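Participant: What follows is run-v1.txt, compact mmCIF, C-alpha atoms.
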```txt
# COMPACT_ATOMS: atom_id res chain seq x y z
CA MET A 21 -1.64 4.42 31.63
CA THR A 22 -1.96 4.76 27.85
CA SER A 23 1.32 4.73 25.92
CA ILE A 24 1.86 7.30 23.18
CA LYS A 25 2.21 5.61 19.80
CA PRO A 26 4.96 6.82 17.44
CA HIS A 27 3.81 9.10 14.63
CA TRP A 28 4.51 6.47 11.93
CA TYR A 29 2.58 3.74 13.74
CA LYS A 30 -0.88 4.19 12.31
CA PRO A 31 -3.07 2.52 9.67
CA HIS A 32 -2.81 3.77 6.10
CA SER A 33 -4.44 3.11 2.75
CA GLY A 34 -1.86 0.57 1.61
CA GLU A 35 0.67 0.28 -1.21
CA TYR A 36 0.12 -0.23 -4.91
CA ARG A 37 1.03 -3.68 -6.21
CA TRP A 38 2.39 -2.57 -9.59
CA PRO A 39 5.89 -1.31 -8.53
CA VAL A 40 6.65 -4.68 -6.92
CA SER A 41 5.20 -6.60 -9.87
CA PHE A 42 7.32 -4.54 -12.26
CA VAL A 43 10.64 -5.26 -10.52
CA VAL A 44 9.76 -8.96 -10.15
CA LEU A 45 9.14 -9.07 -13.89
CA ILE A 46 12.56 -7.49 -14.47
CA VAL A 47 14.22 -10.22 -12.39
CA ILE A 48 12.34 -12.95 -14.30
CA VAL A 49 13.57 -11.48 -17.61
CA LEU A 50 17.17 -11.24 -16.32
CA GLN A 51 17.09 -14.85 -15.14
CA TYR A 52 15.47 -16.06 -18.36
CA PHE A 53 18.29 -14.66 -20.52
CA LEU A 54 21.14 -15.66 -18.19
CA PRO A 55 23.67 -17.99 -19.92
CA LYS A 56 22.91 -21.68 -19.35
CA GLU A 57 26.18 -22.36 -17.52
CA PHE A 58 25.05 -20.06 -14.70
CA THR A 59 21.57 -21.48 -14.23
CA ILE A 60 20.10 -24.56 -12.62
CA GLY A 61 18.45 -27.24 -14.72
CA TYR A 62 15.19 -26.23 -16.43
CA GLY A 63 16.04 -22.56 -15.83
CA LYS A 64 13.58 -21.26 -18.41
CA ALA A 65 10.82 -23.47 -17.02
CA ILE A 66 11.46 -22.06 -13.55
CA ALA A 67 11.24 -18.54 -14.97
CA GLY A 68 7.87 -19.55 -16.41
CA VAL A 69 6.73 -20.79 -12.99
CA GLU A 70 7.82 -17.48 -11.45
CA LEU A 71 5.81 -15.61 -14.07
CA ALA A 72 2.72 -17.73 -13.36
CA LEU A 73 3.08 -17.09 -9.61
CA LEU A 74 3.45 -13.36 -10.29
CA VAL A 75 0.19 -13.40 -12.24
CA GLY A 76 -1.45 -15.12 -9.28
CA LEU A 77 -0.22 -12.36 -6.97
CA ILE A 78 -1.53 -9.65 -9.28
CA VAL A 79 -4.92 -11.36 -9.47
CA SER A 80 -5.11 -11.73 -5.68
CA SER A 81 -4.37 -8.03 -5.05
CA PRO A 82 -4.49 -6.17 -8.37
CA LYS A 83 -4.46 -2.62 -6.99
CA LYS A 84 -3.49 -1.95 -3.41
CA ILE A 85 -2.15 -4.08 -0.59
CA HIS A 86 -4.23 -2.66 2.22
CA ARG A 87 -4.68 -5.60 4.59
CA HIS A 88 -2.82 -8.63 5.93
CA HIS A 89 -3.82 -11.66 3.85
CA LEU A 90 -1.84 -14.79 4.74
CA PRO A 91 -2.40 -16.81 1.48
CA THR A 92 -1.25 -13.86 -0.63
CA ARG A 93 1.76 -13.33 1.62
CA ILE A 94 2.73 -17.00 1.38
CA LEU A 95 2.45 -16.81 -2.41
CA GLY A 96 4.75 -13.79 -2.33
CA PHE A 97 7.27 -15.75 -0.26
CA VAL A 98 7.15 -18.59 -2.80
CA VAL A 99 7.87 -16.20 -5.69
CA THR A 100 10.76 -14.55 -3.84
CA GLY A 101 12.02 -17.94 -2.71
CA PHE A 102 12.16 -19.26 -6.29
CA MET A 103 14.04 -16.17 -7.42
CA THR A 104 16.42 -16.42 -4.45
CA VAL A 105 17.34 -20.05 -5.18
CA PHE A 106 17.78 -19.30 -8.89
CA ASN A 107 20.00 -16.28 -8.26
CA THR A 108 22.01 -17.96 -5.48
CA VAL A 109 22.88 -20.88 -7.75
CA ALA A 110 23.79 -18.42 -10.52
CA ALA A 111 26.05 -16.45 -8.16
CA PHE A 112 27.84 -19.59 -6.95
CA LYS A 113 28.35 -20.83 -10.50
CA LEU A 114 29.64 -17.42 -11.57
CA ILE A 115 32.07 -17.29 -8.63
CA HIS A 116 33.23 -20.85 -9.38
CA ALA A 117 33.86 -19.91 -13.03
CA LEU A 118 35.73 -16.77 -12.00
CA ILE A 119 37.99 -18.62 -9.56
CA ASN A 120 38.77 -21.30 -12.16
CA ALA A 121 39.20 -18.79 -15.02
CA GLY A 122 36.25 -20.34 -16.81
CA ILE A 123 35.14 -17.11 -18.51
CA SER A 124 37.24 -15.62 -21.29
CA SER A 125 34.78 -13.11 -22.75
CA PRO A 126 34.74 -9.69 -20.99
CA SER A 127 31.29 -8.84 -22.35
CA LYS A 128 29.79 -12.12 -21.17
CA LEU A 129 31.45 -11.72 -17.80
CA LEU A 130 30.21 -8.16 -17.25
CA LEU A 131 26.69 -8.83 -18.53
CA SER A 132 26.27 -12.00 -16.44
CA GLY A 133 27.78 -10.39 -13.34
CA SER A 134 25.62 -7.27 -13.70
CA SER A 135 22.49 -9.36 -14.23
CA ILE A 136 23.10 -11.42 -11.08
CA TRP A 137 24.04 -8.33 -9.05
CA LEU A 138 20.90 -6.39 -10.12
CA ALA A 139 18.66 -9.40 -9.48
CA ASN A 140 20.28 -9.72 -6.06
CA ILE A 141 19.32 -6.12 -5.22
CA VAL A 142 15.68 -6.64 -6.19
CA ILE A 143 15.38 -10.01 -4.42
CA PHE A 144 16.71 -8.71 -1.11
CA SER A 145 14.55 -5.60 -1.37
CA LEU A 146 11.53 -7.91 -1.64
CA TRP A 147 12.59 -9.81 1.48
CA TYR A 148 13.04 -6.56 3.42
CA TRP A 149 9.70 -5.21 2.18
CA ASP A 150 7.78 -8.43 2.87
CA LEU A 151 9.23 -9.09 6.34
CA ASP A 152 9.46 -5.67 7.99
CA ARG A 153 6.71 -5.38 10.64
CA GLY A 154 4.88 -8.36 9.22
CA GLY A 155 4.75 -7.24 5.60
CA PRO A 156 2.96 -4.49 3.65
CA GLY A 157 -0.54 -5.60 4.64
CA ALA A 158 0.30 -5.74 8.34
CA ARG A 159 1.95 -2.31 8.10
CA ALA A 160 -1.15 -0.90 6.42
CA GLU A 161 -3.27 -2.19 9.33
CA ALA A 162 -0.63 -1.18 11.92
CA LEU A 163 -0.63 -4.68 13.41
CA SER A 164 2.95 -4.57 14.70
CA GLU A 165 4.46 -1.62 16.53
CA HIS A 166 8.07 -2.74 16.61
CA PRO A 167 9.93 -2.09 13.33
CA ASP A 168 12.70 -4.23 11.88
CA PHE A 169 14.17 -1.24 10.01
CA LEU A 170 14.52 2.26 11.41
CA PHE A 171 14.11 4.86 8.66
CA PRO A 172 15.20 8.50 9.25
CA GLN A 173 11.56 9.64 9.04
CA MET A 174 10.72 7.32 11.93
CA SER A 175 13.33 8.70 14.29
CA ASP A 176 12.24 12.33 14.02
CA GLU A 177 8.78 13.55 13.02
CA GLN A 178 10.12 16.72 11.42
CA TYR A 179 11.70 14.67 8.61
CA ALA A 180 8.42 13.12 7.49
CA PRO A 181 5.13 14.46 6.09
CA THR A 182 1.98 13.78 8.08
CA HIS A 183 0.94 10.61 6.25
CA TRP A 184 4.40 9.17 5.58
CA PHE A 185 4.98 5.43 5.68
CA PRO A 186 7.75 3.26 4.14
CA ASN A 187 6.80 1.80 0.78
CA TYR A 188 8.57 -0.55 -1.59
CA PHE A 189 10.90 2.11 -3.02
CA ASP A 190 12.34 2.73 0.46
CA TYR A 191 13.28 -0.94 0.78
CA LEU A 192 14.68 -0.99 -2.76
CA TYR A 193 16.89 1.96 -1.84
CA VAL A 194 18.06 0.18 1.31
CA SER A 195 18.90 -2.91 -0.74
CA PHE A 196 20.77 -0.93 -3.41
CA THR A 197 22.90 1.04 -0.96
CA ASN A 198 23.68 -2.11 1.02
CA ALA A 199 24.80 -3.88 -2.17
CA ALA A 200 26.83 -0.89 -3.38
CA ALA A 201 28.41 0.25 -0.08
CA PHE A 202 28.41 -3.18 1.65
CA SER A 203 26.78 -1.55 4.70
CA PRO A 204 23.52 0.21 5.64
CA THR A 205 23.52 3.89 4.67
CA ASP A 206 19.88 4.86 5.17
CA ALA A 207 17.69 2.60 7.30
CA LEU A 208 19.23 0.79 10.26
CA PRO A 209 18.48 -2.92 10.80
CA LEU A 210 17.12 -3.46 14.31
CA THR A 211 16.28 -7.16 14.48
CA ARG A 212 18.62 -10.11 14.07
CA TRP A 213 16.94 -11.40 10.91
CA ALA A 214 17.30 -7.97 9.27
CA LYS A 215 20.98 -7.81 10.19
CA MET A 216 21.55 -11.36 8.94
CA LEU A 217 19.88 -10.67 5.59
CA MET A 218 21.91 -7.50 5.12
CA PHE A 219 25.06 -9.40 6.05
CA VAL A 220 24.35 -12.12 3.46
CA GLN A 221 23.52 -9.55 0.79
CA SER A 222 26.69 -7.53 1.46
CA LEU A 223 28.85 -10.66 1.36
CA THR A 224 27.27 -11.90 -1.88
CA SER A 225 27.61 -8.49 -3.49
CA LEU A 226 31.23 -8.11 -2.35
CA LEU A 227 32.23 -11.51 -3.73
CA THR A 228 30.39 -11.02 -7.02
CA VAL A 229 31.54 -7.46 -7.73
CA GLY A 230 35.10 -8.00 -6.48
CA LEU A 231 35.72 -11.16 -8.48
CA VAL A 232 34.00 -9.84 -11.63
CA ILE A 233 36.12 -6.68 -11.64
CA ALA A 234 39.33 -8.60 -10.90
CA ARG A 235 38.66 -11.14 -13.65
CA ALA A 236 37.61 -8.44 -16.14
CA VAL A 237 40.84 -6.51 -15.54
CA ASN A 238 42.85 -9.73 -15.95
CA ILE A 239 41.13 -10.56 -19.25
CA LEU A 240 41.58 -7.06 -20.63
CA HIS A 241 45.30 -7.20 -19.85
```
Please go through the file and, once you have read it, give me the structure as structure tokens.

Facilitator:
Amino acid sequence: MTSIKPHWYKPHSGEYRWPVSFVVLIVIVLQYFLPKEFTIGYGKAIAGVELALLVGLIVSSPKKIHRHHLPTRILGFVVTGFMTVFNTVAAFKLIHALINAGISSPSKLLLSGSSIWLANIVIFSLWYWDLDRGGPGARAEALSEHPDFLFPQMSDEQYAPTHWFPNYFDYLYVSFTNAAAFSPTDALPLTRWAKMLMFVQSLTSLLTVGLVIARAVNILH
């Protein structure tokens, strides 16, 4: 007996690389200009390594990501991993400074907090995008039927055009709403790793935003 495949489970032409490359470049710039007290040692050198890895990704798939290619995917994980470590250290150092009243400038506080928070959104969106159903290449080839995120268009065919498939912007939106509302508002996480990542992102965002606002109000008063 042949099972009926869901309408969204089918091969497609793939996603363009440039939107992902653009947001990665934004994160690299944000991390490069972050104050030294919130970075790990050799922060600017690490930003340079991230930029070099990004160039390697662009060279490996300059236009569309239309097939599963393990070396390219591993390189993508390395880039996101570097950015994750950099931003995690920055968030911990910012929280430590906030708890110990180590920041007296409201502008520096708000700019640093906003930079870390925005980078956090992009970084988690990359993890969601690169892990859901095996990554963009695997989704383009329809290699995995079981999704890690359930988008509204996947639950009812009437909400999606004929050739709809989730692309990077959908995962960026999921990441932004999770960071802003501290809970999923669009796509639902189905697997444990997806729930865990969203939990970590919500917690990080809550601590960063809550402490930044509290400290900013205290300074202004």

Participant: Mind checking which residues fall within 12 Å of A:Glu177, counting only C-alpha atoms, ignoring those fewer than 6 positions away in the same chain, and posting them as an NGL selection string?

Facilitator: :A and (26-29 or 171 or 183-185)

Participant: Quick one: which stretch 184-227 of chain A residues come within 12 Å of stretch 87-110 of chain A, and what is the nearest atom pair for each with the distance in Å to one decimal, counting only C-alpha atoms, rows ordered by chain and ascending number, as CSV?

Facilitator:
```
residue,atom,partner,partner_atom,distance
A:Val220,CA,A:Thr108,CA,10.9
A:Gln221,CA,A:Thr108,CA,10.6
A:Thr224,CA,A:Thr108,CA,8.8
A:Ser225,CA,A:Thr108,CA,11.2
```

Participant: For A:Ser195, work out the shell of residues within 9 Å, counting only C-alpha atoms and skipping chain neighbours fewer than 5 positions away, then give it as a ChimeraX atom specification.

Facilitator: /A:140-146,148,190,200,204,218,221

Participant: Please compute the atom CA of A:Ser222-atom CA of A:Val47 distance, one decimal, in Å.

Facilitator: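 Here the two named atoms are 18.8 Å from each other.
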
Participant: In Å to one decimal, how far is atom CA of A:Ala139 from atom CA of A:Leu50?

Facilitator: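 Calculated distance between atom CA of A:Leu50 and atom CA of A:Ala139 is 7.2 Å.
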
Participant: Taking into account only C-alpha atoms, which residue in the set A:Phe112, A:Trp147, A:Asn187, A:Glu161 is nearest to A:Thr228?

Facilitator: A:Phe112

Participant: For A:Leu170, which residue out of A:Leu77, A:Ala214, A:Leu138, A:Ala158 is the nearest one, using all atoms listed in the file?

Facilitator: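 Nearest candidate to A:Leu170 out of A:Leu77, A:Ala214, A:Leu138, A:Ala158: A:Ala214.
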
Participant: Point out the residue among A:Leu45, A:Tyr188, A:Arg37, A:Ile119 with the least atom-to-atom distance to A:Ser80, counting all atoms listed in the file.

Facilitator: A:Arg37

Participant: With all atoms listed in the file as the counted atoms, please give the residues lying no more than 9 Å from A:Ala160, apart from itself and same-chain residues fewer than 3 positions off, as an MDAnalysis selection string.

Facilitator: chainID A and resid 30:35 85:88 155:157 163 185
